>>> print(open('my_file_5.txt').read())   # compact mmCIF, C-alpha atoms and all ligand atoms
# COMPACT_ATOMS: atom_id res chain seq x y z
CA MET A 1420 -0.90 49.79 2.66
CA THR A 1421 1.91 52.26 2.14
CA LEU A 1422 2.24 55.88 1.09
CA SER A 1423 3.99 57.04 -2.08
CA PRO A 1424 7.71 56.04 -2.23
CA ASP A 1425 8.54 59.73 -2.71
CA ILE A 1426 7.21 60.48 0.77
CA TYR A 1427 9.55 57.93 2.34
CA ARG A 1428 12.51 59.16 0.26
CA ALA A 1429 11.83 62.77 1.31
CA ARG A 1430 11.75 61.66 4.98
CA ARG A 1431 15.11 59.90 4.63
CA GLN A 1432 16.63 62.96 2.98
CA ARG A 1433 15.26 65.28 5.63
CA LEU A 1434 16.63 63.08 8.40
CA MET A 1435 20.10 62.97 6.83
CA GLN A 1436 20.09 66.76 6.40
CA GLN A 1437 19.28 67.13 10.07
CA LEU A 1438 21.97 64.71 11.19
CA GLY A 1439 24.50 66.52 9.02
CA GLY A 1440 28.20 65.73 8.94
CA ASP A 1441 29.84 62.70 7.49
CA THR A 1442 27.21 60.28 8.76
CA VAL A 1443 25.83 56.91 7.74
CA ALA A 1444 22.51 56.08 9.42
CA VAL A 1445 21.37 52.47 9.90
CA VAL A 1446 17.92 51.13 10.91
CA ARG A 1447 16.67 47.54 11.14
CA ALA A 1448 13.19 46.28 10.28
CA GLY A 1449 13.33 43.64 13.02
CA GLU A 1450 12.93 39.88 12.90
CA LEU A 1451 10.04 37.46 12.69
CA CYS A 1452 8.98 36.30 16.17
CA THR A 1453 8.16 32.71 16.99
CA ARG A 1454 4.80 32.13 18.71
CA ASN A 1455 5.30 28.46 19.38
CA ASN A 1456 7.21 25.65 17.68
CA ASP A 1457 7.15 26.51 13.96
CA CYS A 1458 4.34 29.09 14.14
CA ASP A 1459 5.36 32.74 13.83
CA TYR A 1460 3.52 35.90 14.71
CA GLU A 1461 2.65 37.94 11.67
CA PHE A 1462 5.55 40.26 10.95
CA ARG A 1463 5.16 43.92 11.96
CA PRO A 1464 8.15 46.14 11.15
CA ASN A 1465 9.79 48.48 13.62
CA SER A 1466 7.80 51.72 13.43
CA SER A 1467 10.76 54.01 12.70
CA PHE A 1468 12.05 51.66 9.99
CA PHE A 1469 8.59 51.61 8.42
CA TYR A 1470 8.33 55.42 8.71
CA LEU A 1471 11.52 55.75 6.64
CA THR A 1472 10.86 53.00 4.07
CA GLY A 1473 7.26 51.73 3.90
CA PHE A 1474 8.97 48.32 3.56
CA ASN A 1475 7.29 45.45 5.37
CA GLU A 1476 9.61 42.41 5.22
CA PRO A 1477 11.53 40.97 8.15
CA SER A 1478 15.31 41.22 8.59
CA ALA A 1479 15.77 44.17 6.21
CA VAL A 1480 18.44 46.75 7.06
CA LEU A 1481 18.35 50.35 5.80
CA PHE A 1482 21.47 52.47 5.23
CA MET A 1483 21.15 56.21 4.61
CA LEU A 1484 24.04 58.29 3.33
CA PRO A 1485 24.93 61.98 3.72
CA ASP A 1486 23.96 62.75 0.11
CA GLY A 1487 20.44 61.39 0.76
CA ALA A 1488 20.98 58.10 -1.10
CA SER A 1489 19.62 54.94 0.55
CA HIS A 1490 20.47 51.25 0.34
CA LEU A 1491 18.43 48.33 1.61
CA ALA A 1492 19.64 44.84 2.48
CA VAL A 1493 16.71 42.47 1.91
CA LEU A 1494 15.72 38.81 1.96
CA PRO A 1495 16.65 37.29 -1.41
CA LYS A 1496 14.10 36.31 -4.01
CA ASP A 1497 13.66 32.56 -3.48
CA PRO A 1498 10.99 30.70 -5.43
CA GLU A 1499 10.93 27.80 -2.99
CA ARG A 1500 10.60 29.96 0.16
CA GLU A 1501 8.11 32.22 -1.62
CA GLN A 1502 6.04 29.13 -2.51
CA TRP A 1503 5.71 28.47 1.24
CA ASP A 1504 5.82 31.90 2.87
CA GLY A 1505 4.74 34.33 0.18
CA PHE A 1506 6.09 37.08 -2.03
CA ARG A 1507 9.37 38.89 -1.40
CA HIS A 1508 10.27 42.14 -3.15
CA GLY A 1509 13.93 41.21 -3.51
CA MET A 1510 16.59 43.66 -4.66
CA THR A 1511 14.79 44.80 -7.80
CA GLY A 1512 11.56 45.41 -5.95
CA ALA A 1513 13.36 47.33 -3.20
CA MET A 1514 14.82 49.70 -5.77
CA GLN A 1515 11.81 50.01 -8.06
CA ASP A 1516 8.98 50.09 -5.55
CA PHE A 1517 10.67 51.70 -2.52
CA ALA A 1518 12.85 54.34 -4.20
CA MET A 1519 16.11 52.81 -2.97
CA ASP A 1520 19.34 53.79 -4.72
CA GLY A 1521 20.89 50.40 -4.08
CA ALA A 1522 19.92 47.01 -2.69
CA VAL A 1523 21.73 43.82 -1.73
CA GLU A 1524 20.66 40.43 -0.49
CA LEU A 1525 21.05 39.87 3.24
CA ASP A 1526 24.03 37.53 2.90
CA GLU A 1527 25.92 40.57 1.55
CA LEU A 1528 24.88 42.78 4.48
CA ASP A 1529 28.33 42.82 6.09
CA ASP A 1530 30.08 43.65 2.81
CA LEU A 1531 27.64 46.50 2.16
CA ALA A 1532 28.04 47.84 5.70
CA LEU A 1533 31.84 47.76 5.51
CA GLU A 1534 31.80 49.51 2.14
CA LEU A 1535 29.39 52.25 3.30
CA LEU A 1536 30.97 52.80 6.73
CA ASP A 1537 34.57 52.87 5.50
CA GLY A 1538 35.90 56.43 5.73
CA LYS A 1539 32.78 57.88 7.37
CA GLN A 1540 33.14 59.85 10.57
CA GLN A 1541 29.96 58.79 12.30
CA VAL A 1542 27.33 56.05 12.41
CA ALA A 1543 23.82 57.02 13.52
CA LEU A 1544 21.30 54.51 14.84
CA LEU A 1545 18.40 54.11 17.25
CA PHE A 1546 20.14 53.22 20.50
CA ASP A 1547 17.31 51.02 21.77
CA ASP A 1548 18.26 48.50 19.06
CA ALA A 1549 20.80 46.56 21.12
CA LEU A 1550 21.41 44.01 18.36
CA LEU A 1551 22.27 46.70 15.87
CA ARG A 1552 24.54 48.44 18.39
CA ASP A 1553 26.57 45.22 18.61
CA GLN A 1554 26.51 44.75 14.87
CA VAL A 1555 27.75 48.30 14.22
CA LEU A 1556 30.58 47.84 16.72
CA ASN A 1557 31.56 44.61 14.98
CA TRP A 1558 31.68 46.44 11.64
CA ARG A 1559 33.78 49.16 13.30
CA ASP A 1560 36.17 46.51 14.65
CA GLU A 1561 36.51 44.88 11.23
CA LEU A 1562 37.33 48.22 9.62
CA ALA A 1563 39.76 49.08 12.41
CA ALA A 1564 41.53 45.75 11.87
CA LYS A 1565 42.02 46.65 8.21
CA ALA A 1566 43.64 50.03 8.96
CA ARG A 1567 46.91 48.95 7.34
CA GLN A 1568 45.04 48.19 4.13
CA GLY A 1569 43.74 51.77 4.25
CA ALA A 1570 40.34 51.23 5.88
CA GLN A 1571 39.06 54.00 8.15
CA ALA A 1572 36.64 53.03 10.89
CA PRO A 1573 34.00 55.53 12.02
CA VAL A 1574 34.83 57.16 15.36
CA THR A 1575 31.43 58.29 16.66
CA LEU A 1576 28.16 56.52 17.38
CA LEU A 1577 25.21 58.91 17.33
CA ASP A 1578 21.81 58.19 18.86
CA MET A 1579 19.38 59.56 16.27
CA THR A 1580 16.31 58.56 18.30
CA ASP A 1581 15.30 62.15 19.02
CA ALA A 1582 15.68 63.25 15.40
CA VAL A 1583 13.50 60.40 14.08
CA HIS A 1584 10.97 60.68 16.89
CA GLU A 1585 10.53 64.41 16.44
CA MET A 1586 9.83 63.83 12.74
CA ARG A 1587 7.29 61.13 13.56
CA LEU A 1588 5.57 63.34 16.13
CA ILE A 1589 4.33 65.83 13.52
CA LYS A 1590 2.05 64.02 11.08
CA ASP A 1591 1.90 65.01 7.40
CA SER A 1592 -1.32 65.09 5.40
CA ALA A 1593 -0.93 61.53 4.06
CA GLU A 1594 -0.49 60.19 7.59
CA ILE A 1595 -3.46 62.18 8.87
CA GLU A 1596 -5.66 60.80 6.10
CA LEU A 1597 -4.63 57.25 6.98
CA MET A 1598 -5.11 57.86 10.71
CA GLU A 1599 -8.59 59.23 10.13
CA ARG A 1600 -9.44 56.12 8.11
CA ALA A 1601 -8.16 53.90 10.93
CA ALA A 1602 -10.10 56.02 13.45
CA GLN A 1603 -13.31 55.73 11.45
CA ILE A 1604 -13.03 51.94 11.17
CA SER A 1605 -12.69 51.83 14.95
CA VAL A 1606 -15.72 54.13 15.30
CA GLN A 1607 -17.70 51.62 13.26
CA ALA A 1608 -16.43 48.74 15.40
CA HIS A 1609 -17.42 50.46 18.66
CA THR A 1610 -20.85 51.33 17.24
CA GLN A 1611 -21.30 47.70 16.25
CA ALA A 1612 -20.33 46.58 19.77
CA MET A 1613 -22.81 48.96 21.42
CA GLN A 1614 -25.51 47.70 19.11
CA SER A 1615 -24.76 44.01 19.63
CA VAL A 1616 -24.36 43.73 23.38
CA ALA A 1617 -26.83 41.94 25.61
CA PRO A 1618 -26.58 40.71 29.21
CA GLY A 1619 -25.52 37.06 29.23
CA MET A 1620 -22.99 37.42 26.41
CA MET A 1621 -19.35 36.63 27.07
CA GLU A 1622 -16.88 39.50 26.84
CA TYR A 1623 -15.03 37.70 24.03
CA GLN A 1624 -18.23 37.49 22.03
CA LEU A 1625 -18.41 41.26 22.09
CA GLU A 1626 -14.71 41.38 21.22
CA ALA A 1627 -15.52 39.27 18.16
CA GLU A 1628 -17.79 42.07 16.90
CA LEU A 1629 -14.86 44.50 17.08
CA ASN A 1630 -12.47 42.18 15.29
CA TYR A 1631 -15.08 41.43 12.65
CA VAL A 1632 -15.48 45.08 11.74
CA PHE A 1633 -11.73 45.76 11.84
CA MET A 1634 -11.00 42.92 9.44
CA LYS A 1635 -14.01 43.45 7.23
CA GLN A 1636 -12.85 47.04 6.70
CA GLY A 1637 -9.29 46.03 5.83
CA ALA A 1638 -7.59 46.57 9.18
CA ARG A 1639 -6.40 43.06 9.90
CA VAL A 1640 -5.01 43.65 13.37
CA PRO A 1641 -5.82 45.71 16.44
CA ALA A 1642 -3.22 48.34 17.32
CA TYR A 1643 -3.02 46.80 20.83
CA ASN A 1644 -4.82 44.04 22.72
CA ASN A 1645 -8.56 44.69 22.82
CA ILE A 1646 -9.92 45.50 26.28
CA VAL A 1647 -13.53 44.34 26.74
CA ALA A 1648 -14.20 44.71 30.43
CA SER A 1649 -17.60 44.25 32.03
CA GLY A 1650 -18.51 45.31 35.56
CA SER A 1651 -15.56 45.73 37.90
CA ASN A 1652 -13.14 44.31 35.29
CA ALA A 1653 -13.18 47.88 33.94
CA CYS A 1654 -11.18 48.91 37.01
CA VAL A 1655 -8.24 46.81 35.75
CA LEU A 1656 -6.63 49.28 33.37
CA HIS A 1657 -5.08 46.72 31.01
CA TYR A 1658 -7.72 43.97 31.35
CA ILE A 1659 -7.33 41.74 28.27
CA LYS A 1660 -8.62 38.34 29.44
CA ASN A 1661 -12.06 39.23 28.10
CA ASP A 1662 -13.45 35.88 29.27
CA GLU A 1663 -16.24 36.73 31.73
CA GLN A 1664 -19.98 36.82 31.31
CA ILE A 1665 -21.63 40.22 30.93
CA GLU A 1666 -24.28 40.77 33.62
CA ASP A 1667 -27.44 42.83 33.51
CA GLY A 1668 -26.62 46.13 35.25
CA ASP A 1669 -22.92 46.06 34.28
CA LEU A 1670 -21.18 48.88 32.56
CA ILE A 1671 -18.90 47.67 29.77
CA LEU A 1672 -15.63 49.44 29.04
CA ILE A 1673 -14.20 48.77 25.59
CA ASP A 1674 -10.76 50.14 24.77
CA ALA A 1675 -9.97 49.00 21.23
CA GLY A 1676 -8.59 50.48 18.04
CA CYS A 1677 -7.51 48.99 14.76
CA GLU A 1678 -4.16 49.39 13.05
CA LEU A 1679 -4.28 50.43 9.40
CA GLY A 1680 -1.15 50.70 7.27
CA CYS A 1681 0.75 50.39 10.58
CA TYR A 1682 -1.04 53.48 12.02
CA ALA A 1683 -2.90 53.10 15.30
CA SER A 1684 -6.28 54.26 16.43
CA ASP A 1685 -7.24 54.18 20.11
CA ILE A 1686 -10.83 54.53 21.32
CA THR A 1687 -12.54 53.85 24.62
CA ARG A 1688 -16.26 53.90 25.25
CA THR A 1689 -18.18 52.82 28.32
CA PHE A 1690 -21.86 51.87 28.06
CA PRO A 1691 -24.51 49.94 30.00
CA ALA A 1692 -25.01 46.26 29.12
CA ASN A 1693 -28.78 46.66 29.31
CA GLY A 1694 -28.88 49.97 27.42
CA LYS A 1695 -29.70 52.22 30.36
CA PHE A 1696 -27.26 53.84 32.83
CA SER A 1697 -28.20 53.47 36.52
CA GLU A 1698 -28.22 56.70 38.54
CA PRO A 1699 -24.74 56.23 40.12
CA GLN A 1700 -23.31 55.05 36.78
CA ALA A 1701 -24.76 58.12 35.03
CA GLN A 1702 -23.40 60.49 37.69
CA LEU A 1703 -19.86 59.17 37.38
CA TYR A 1704 -20.12 58.92 33.59
CA GLN A 1705 -21.25 62.55 33.30
CA LEU A 1706 -18.31 63.60 35.45
CA VAL A 1707 -15.83 61.84 33.14
CA LEU A 1708 -17.58 63.39 30.15
CA ASP A 1709 -17.31 66.87 31.72
CA ALA A 1710 -13.58 66.24 32.22
CA TYR A 1711 -13.33 65.19 28.54
CA HIS A 1712 -14.96 68.43 27.37
CA ALA A 1713 -12.81 70.55 29.69
CA GLY A 1714 -9.68 68.84 28.31
CA LEU A 1715 -10.73 69.13 24.68
CA LYS A 1716 -10.99 72.92 24.92
CA LEU A 1717 -7.28 73.08 25.75
CA MET A 1718 -6.08 70.91 22.89
CA THR A 1719 -5.10 73.92 20.84
CA VAL A 1720 -1.87 75.13 19.27
CA GLY A 1721 0.42 76.70 21.86
CA GLN A 1722 -1.20 75.20 24.96
CA PRO A 1723 1.29 73.20 27.04
CA TYR A 1724 0.81 69.44 26.67
CA GLU A 1725 -0.01 69.09 30.39
CA ALA A 1726 -2.85 71.67 30.29
CA PHE A 1727 -5.59 69.31 29.14
CA HIS A 1728 -4.59 66.71 31.75
CA ASN A 1729 -4.62 69.35 34.50
CA ALA A 1730 -8.04 70.59 33.39
CA ALA A 1731 -9.44 67.05 33.44
CA VAL A 1732 -7.97 66.40 36.89
CA GLU A 1733 -9.53 69.59 38.22
CA VAL A 1734 -13.01 68.71 36.92
CA LEU A 1735 -12.74 65.12 38.18
CA THR A 1736 -11.51 66.14 41.64
CA GLN A 1737 -14.20 68.79 42.02
CA GLY A 1738 -16.84 66.24 40.98
CA LEU A 1739 -15.49 63.55 43.31
CA VAL A 1740 -15.84 66.01 46.20
CA GLU A 1741 -19.39 66.92 45.16
CA LEU A 1742 -20.35 63.23 44.96
CA GLY A 1743 -18.80 62.52 48.38
CA LEU A 1744 -16.02 60.24 47.09
CA LEU A 1745 -13.34 62.65 48.28
CA GLN A 1746 -13.43 65.04 51.20
CA GLY A 1747 -11.49 68.29 51.53
CA SER A 1748 -10.43 71.24 49.44
CA VAL A 1749 -10.10 70.60 45.71
CA ALA A 1750 -6.76 72.42 45.52
CA GLU A 1751 -5.31 70.33 48.36
CA LEU A 1752 -6.66 67.06 46.96
CA ILE A 1753 -4.96 67.88 43.66
CA GLU A 1754 -1.75 68.97 45.38
CA SER A 1755 -1.61 65.76 47.45
CA LYS A 1756 -2.68 63.69 44.40
CA ALA A 1757 -5.50 62.17 46.48
CA TYR A 1758 -7.56 61.92 43.27
CA ARG A 1759 -5.19 59.18 42.12
CA ALA A 1760 -7.13 56.68 44.22
CA PHE A 1761 -9.78 56.97 41.47
CA TYR A 1762 -7.83 58.35 38.49
CA MET A 1763 -4.37 56.84 38.22
CA HIS A 1764 -3.36 57.42 34.58
CA ASN A 1765 -2.58 60.39 32.39
CA THR A 1766 -5.25 61.98 30.22
CA GLY A 1767 -3.51 61.28 26.93
CA HIS A 1768 -0.47 60.31 24.89
CA TRP A 1769 0.90 60.85 21.39
CA LEU A 1770 -0.62 58.53 18.78
CA GLY A 1771 0.84 57.43 15.45
CA LEU A 1772 2.66 54.36 14.17
CA ASP A 1773 2.80 53.22 17.80
CA VAL A 1774 -0.24 53.47 20.03
CA HIS A 1775 1.92 55.14 22.66
CA ASP A 1776 3.78 57.04 20.02
CA CYS A 1777 7.18 58.65 20.23
CA GLY A 1778 8.24 62.23 20.87
CA ARG A 1779 9.21 64.18 23.94
CA TYR A 1780 6.53 65.45 26.30
CA LYS A 1781 8.83 68.04 27.82
CA VAL A 1782 11.31 70.39 26.21
CA ASP A 1783 13.98 72.06 28.37
CA GLY A 1784 12.18 70.77 31.44
CA ALA A 1785 8.84 72.38 30.56
CA SER A 1786 5.69 70.80 29.17
CA ARG A 1787 5.94 71.28 25.39
CA PRO A 1788 3.43 73.44 23.56
CA LEU A 1789 1.01 71.60 21.30
CA GLN A 1790 1.72 72.04 17.57
CA GLU A 1791 -0.25 71.57 14.39
CA GLY A 1792 0.00 68.00 13.12
CA MET A 1793 0.36 66.32 16.50
CA VAL A 1794 -2.17 63.56 17.22
CA VAL A 1795 -2.98 63.11 20.89
CA THR A 1796 -5.47 60.92 22.71
CA LEU A 1797 -7.89 62.42 25.21
CA GLU A 1798 -8.89 59.78 27.75
CA PRO A 1799 -10.14 60.80 31.18
CA GLY A 1800 -11.53 58.06 33.40
CA LEU A 1801 -12.62 57.06 36.89
CA TYR A 1802 -12.16 53.68 38.53
CA ILE A 1803 -13.76 52.80 41.86
CA ASN A 1804 -12.13 49.68 43.25
CA PRO A 1805 -14.80 47.05 44.04
CA ASP A 1806 -13.09 46.35 47.39
CA ASP A 1807 -12.79 49.97 48.49
CA GLU A 1808 -14.73 50.04 51.74
CA SER A 1809 -14.08 53.73 52.20
CA VAL A 1810 -16.69 54.64 49.58
CA ASP A 1811 -20.46 54.20 49.45
CA PRO A 1812 -21.21 50.70 48.05
CA LYS A 1813 -23.23 52.22 45.21
CA TRP A 1814 -20.01 53.43 43.55
CA ARG A 1815 -17.92 50.29 44.01
CA GLY A 1816 -16.78 48.41 40.92
CA ILE A 1817 -17.66 51.18 38.48
CA GLY A 1818 -14.93 51.81 35.89
CA ILE A 1819 -15.35 54.45 33.18
CA ARG A 1820 -13.08 55.83 30.46
CA ILE A 1821 -13.93 57.92 27.42
CA GLU A 1822 -11.19 58.16 24.78
CA ASP A 1823 -10.92 59.88 21.40
CA ASP A 1824 -8.04 60.65 19.03
CA ILE A 1825 -7.45 64.36 18.53
CA LEU A 1826 -5.56 66.09 15.72
CA ILE A 1827 -4.12 69.45 16.78
CA GLN A 1828 -4.97 72.03 14.15
CA ALA A 1829 -4.63 75.82 13.88
CA GLN A 1830 -8.40 76.18 13.74
CA GLY A 1831 -8.89 74.06 16.91
CA PRO A 1832 -8.93 70.38 17.88
CA TYR A 1833 -10.20 67.95 15.26
CA VAL A 1834 -11.63 64.68 16.58
CA LEU A 1835 -10.39 61.97 14.20
CA THR A 1836 -12.74 59.52 15.95
CA HIS A 1837 -15.77 61.71 15.24
CA GLY A 1838 -19.24 60.27 14.90
CA LEU A 1839 -19.17 57.85 17.85
CA ALA A 1840 -21.82 58.21 20.56
CA LYS A 1841 -20.45 59.68 23.76
CA GLU A 1842 -23.16 61.71 25.52
CA ILE A 1843 -25.44 59.63 27.80
CA ASP A 1844 -28.57 60.27 25.75
CA GLU A 1845 -26.72 59.48 22.48
CA ILE A 1846 -25.52 56.13 23.83
CA GLU A 1847 -28.92 55.19 25.22
CA ALA A 1848 -30.65 56.19 21.98
CA LEU A 1849 -28.20 54.18 19.87
CA MET A 1850 -28.66 51.12 22.06
CA ALA A 1851 -32.47 51.50 22.21
CA ALA A 1852 -32.62 51.70 18.41
CA ASN A 1853 -31.26 48.20 18.33
CA ALA A 1854 -33.22 46.68 21.24
N1 LIG B 1901 -5.24 51.57 24.75
C1 LIG B 1901 -4.11 52.04 25.44
C2 LIG B 1901 -4.30 53.39 25.90
O1 LIG B 1901 -5.41 53.90 25.88
O2 LIG B 1901 -3.37 54.08 26.26
MN MN B 1902 -4.88 55.68 24.81
MN MN B 1903 -7.03 53.22 24.72
>>> encode(input="my_file_5.txt", output="structure tokens")
Amino acid sequence: MTLSPDIYRARRQRLMQQLGGDTVAVVRAGELCTRNNDCDYEFRPNSSFFYLTGFNEPSAVLFMLPDGASHLAVLPKDPEREQWDGFRHGMTGAMQDFAMDGAVELDELDDLALELLDGKQQVALLFDDALLRDQVLNWRDELAAKARQGAQAPVTLLDMTDAVHEMRLIKDSAEIELMERAAQISVQAHTQAMQSVAPGMMEYQLEAELNYVFMKQGARVPAYNNIVASGSNACVLHYIKNDEQIEDGDLILIDAGCELGCYASDITRTFPANGKFSEPQAQLYQLVLDAYHAGLKLMTVGQPYEAFHNAAVEVLTQGLVELGLLQGSVAELIESKAYRAFYMHNTGHWLGLDVHDCGRYKVDGASRPLQEGMVVTLEPGLYINPDDESVDPKWRGIGIRIEDDILIQAQGPYVLTHGLAKEIDEIEALMAANA
């Protein structure tokens, strides 16, 4: 699933305008990864490459020129390989379907690079691509060695990471539409999980319900490994084994979101295996929910990014004191970060082509103001270690997180993951309806 080729072309042109000067920019799609022996993982392109091309074949290399023209080096058309591994767009497809101004087959990559880099002042790339850094330096060396034949090697390497990431941070309307579709598939998957659970099931059986809905709705892969954590497994933040039996009386924390057209969704819900929160579970759950609502109010244009996290921390710390899990003054417990014994992660992150998407969180040393078109997760939680003997046993082993995906808009926050039960009575009613 890709957007219109004109959107990708406009992005490439905008990037080149921003970089300015006599610059050639280069980005790689990445390579197929082996899983074992001759089995590969399904290919997933580098997110910035995909953002600039919509092209989803391994090994491709994109070149962008100062005048806005683009060239793509691609796997060749090859009837025999395509018989085994599937369709390739080839050079013609790259030009016709992806609005490229030129295309070559990959065995001509070096020739194309030398031709395009010759006489240019600067080469721009994403510096975290170590392979490409080496490749660009090799091309530079080859051009430098041909100086007597008139070749002119570029003299500057520019890291264009910030420029690309800042573009990706602000989502356009086509991206937002796709992200809302991804979010809504994940809403359906979480609803299905809440309606299917029963004590005695294995965590992976509940995970199967999520994957079923993702795939059935056209999102073939999760955006990250599904977390289906029952009981105290929920206190392990990145629990992905998902292989234990769900007990009566457990809370279940599911953190799962599908990827659609390479865009991520990211939802967490926590609900009781038997459909009814116990008193201590409900008290802690309501506290996390209060922190969610306090954070959401601050997800507005112009608020510093850190404001919603700080608001959530304040509500959580106050509540932990009221419930007897922390002792002392709220201000001091926040200052000393004592709350981190129970809340050890941030309250959100950018969301987009990557689940932990790109873009700076601070500008000139200060938390950056939220802007229209940013998509941010809101995910307060509380985790009471099952072995923590300093707390009343009734709290031990309870892990709770509530997470939605929020679009920042001028008229206020818009919950892309709308329609998924979150209040205690909503969750219990949804689960009772299916009992
Ligand atoms: N699912 C990863 C996260 O919530 O950040
Ligand atoms: Mn998240
Ligand atoms: Mn998550």
>>> residues_around(input="my_file_5.txt", residues="Phe1633 of chain A", least_positions_apart="5", cutoff="7 Å", atoms="only C-alpha atoms", output="tab-separated table (two decimals) with C-alpha atoms, in the coordinates of the input")
chain	number	residue	atom	x	y	z
A	1604	ILE	CA	-13.03	51.94	11.17
A	1605	SER	CA	-12.69	51.83	14.95
A	1608	ALA	CA	-16.43	48.74	15.40
A	1638	ALA	CA	-7.59	46.57	9.18
A	1639	ARG	CA	-6.40	43.06	9.90
A	1677	CYS	CA	-7.51	48.99	14.76
>>> residues_near_point(input="my_file_5.txt", point="(-25.7, 45.0, 30.7)", cutoff="8 Å", atoms="only C-alpha atoms", output="PyMOL selection string")
chain A and resi 1616-1618+1665-1671+1691-1694
>>> atom_distance(input="my_file_5.txt", atom1="atom CA of Glu1808 of chain A", atom2="atom CA of Lys1695 of chain A")
26.2 Å
>>> atom_distance(input="my_file_5.txt", atom1="atom CA of Ile1803 of chain A", atom2="atom CA of Arg1820 of chain A")
11.8 Å
>>> closest_atom_pairs(input="my_file_5.txt", of="chain A", to="ligand LIG 1901 (chain B)", cutoff="12 Å", atoms="all atoms listed in the file", output="Markdown table")
| residue | atom | partner | partner_atom | distance |
| --- | --- | --- | --- | --- |
| A:Pro1641 | CA | B:LIG1901 | N1 | 10.2 |
| A:Ala1642 | CA | B:LIG1901 | N1 | 8.3 |
| A:Tyr1643 | CA | B:LIG1901 | N1 | 6.6 |
| A:Asn1644 | CA | B:LIG1901 | N1 | 7.8 |
| A:Asn1645 | CA | B:LIG1901 | N1 | 7.9 |
| A:Ile1646 | CA | B:LIG1901 | N1 | 7.8 |
| A:Val1647 | CA | B:LIG1901 | N1 | 11.2 |
| A:Leu1656 | CA | B:LIG1901 | C1 | 8.8 |
| A:His1657 | CA | B:LIG1901 | C1 | 7.8 |
| A:Tyr1658 | CA | B:LIG1901 | N1 | 10.4 |
| A:Ile1659 | CA | B:LIG1901 | N1 | 10.6 |
| A:Leu1672 | CA | B:LIG1901 | N1 | 11.4 |
| A:Ile1673 | CA | B:LIG1901 | N1 | 9.4 |
| A:Asp1674 | CA | B:LIG1901 | N1 | 5.7 |
| A:Ala1675 | CA | B:LIG1901 | N1 | 6.4 |
| A:Gly1676 | CA | B:LIG1901 | N1 | 7.6 |
| A:Cys1677 | CA | B:LIG1901 | N1 | 10.6 |
| A:Glu1678 | CA | B:LIG1901 | N1 | 12.0 |
| A:Ala1683 | CA | B:LIG1901 | N1 | 9.9 |
| A:Ser1684 | CA | B:LIG1901 | N1 | 8.8 |
| A:Asp1685 | CA | B:LIG1901 | N1 | 5.7 |
| A:Ile1686 | CA | B:LIG1901 | O1 | 7.1 |
| A:Thr1687 | CA | B:LIG1901 | O1 | 7.2 |
| A:Arg1688 | CA | B:LIG1901 | O1 | 10.9 |
| A:His1764 | CA | B:LIG1901 | O2 | 9.0 |
| A:Asn1765 | CA | B:LIG1901 | O2 | 8.8 |
| A:Thr1766 | CA | B:LIG1901 | O2 | 9.0 |
| A:Gly1767 | CA | B:LIG1901 | O2 | 7.2 |
| A:His1768 | CA | B:LIG1901 | O2 | 7.0 |
| A:Trp1769 | CA | B:LIG1901 | O2 | 9.4 |
| A:Leu1770 | CA | B:LIG1901 | O2 | 9.1 |
| A:Asp1773 | CA | B:LIG1901 | C1 | 10.4 |
| A:Val1774 | CA | B:LIG1901 | C1 | 6.8 |
| A:His1775 | CA | B:LIG1901 | O2 | 6.5 |
| A:Asp1776 | CA | B:LIG1901 | O2 | 9.9 |
| A:Val1795 | CA | B:LIG1901 | O2 | 10.5 |
| A:Thr1796 | CA | B:LIG1901 | O1 | 7.7 |
| A:Leu1797 | CA | B:LIG1901 | O1 | 8.9 |
| A:Glu1798 | CA | B:LIG1901 | O1 | 7.1 |
| A:Pro1799 | CA | B:LIG1901 | O1 | 9.9 |
| A:Gly1800 | CA | B:LIG1901 | O1 | 10.6 |
| A:Arg1820 | CA | B:LIG1901 | O1 | 9.1 |
| A:Ile1821 | CA | B:LIG1901 | O1 | 9.5 |
| A:Glu1822 | CA | B:LIG1901 | O1 | 7.3 |
| A:Asp1823 | CA | B:LIG1901 | O1 | 9.3 |
| A:Asp1824 | CA | B:LIG1901 | O1 | 10.0 |
>>> atom_distance(input="my_file_5.txt", atom1="atom CA of Gly1521 of chain A", atom2="atom CA of Ser1489 of chain A")
6.6 Å
>>> closest_residue(input="my_file_5.txt", among="A:Pro1464, A:Gly1439, A:Gly1512, A:Pro1498", to="Asp1486 of chain A", atoms="all atoms listed in the file")
A:Gly1439
>>> residues_around(input="my_file_5.txt", residues="Phe1482 of chain A", least_positions_apart="6", cutoff="7 Å", atoms="all atoms listed in the file", output="ChimeraX atom specification")
/A:1443-1446,1489-1491
>>> write_last_selection(input="my_file_5.txt", atoms="C-alpha atoms", output="PDB file, keeping the file's coordinate frame")
ATOM      1  CA  VAL A1443      25.830  56.910   7.740  1.00  0.00           C
ATOM      2  CA  ALA A1444      22.510  56.080   9.420  1.00  0.00           C
ATOM      3  CA  VAL A1445      21.370  52.470   9.900  1.00  0.00           C
ATOM      4  CA  VAL A1446      17.920  51.130  10.910  1.00  0.00           C
ATOM      5  CA  SER A1489      19.620  54.940   0.550  1.00  0.00           C
ATOM      6  CA  HIS A1490      20.470  51.250   0.340  1.00  0.00           C
ATOM      7  CA  LEU A1491      18.430  48.330   1.610  1.00  0.00           C
TER       8      LEU A1491
END
>>> closest_residue(input="my_file_5.txt", among="A:His1609, A:Arg1759, A:His1728, A:Lys1565", to="Gly1714 of chain A", atoms="only C-alpha atoms")
A:His1728
>>> residues_around(input="my_file_5.txt", residues="Ala1726 of chain A", least_positions_apart="5", cutoff="12 Å", atoms="only C-alpha atoms", output="list in words")
Ala1713, Gly1714, Leu1715, Lys1716, Leu1717, Met1718, Thr1719, Val1720, Gly1721, Ala1731, Val1732, Glu1733, Asn1765, Thr1766, Gly1767, Tyr1780, Ala1785, Ser1786, Arg1787, Pro1788, Leu1789 and Leu1797 of chain A
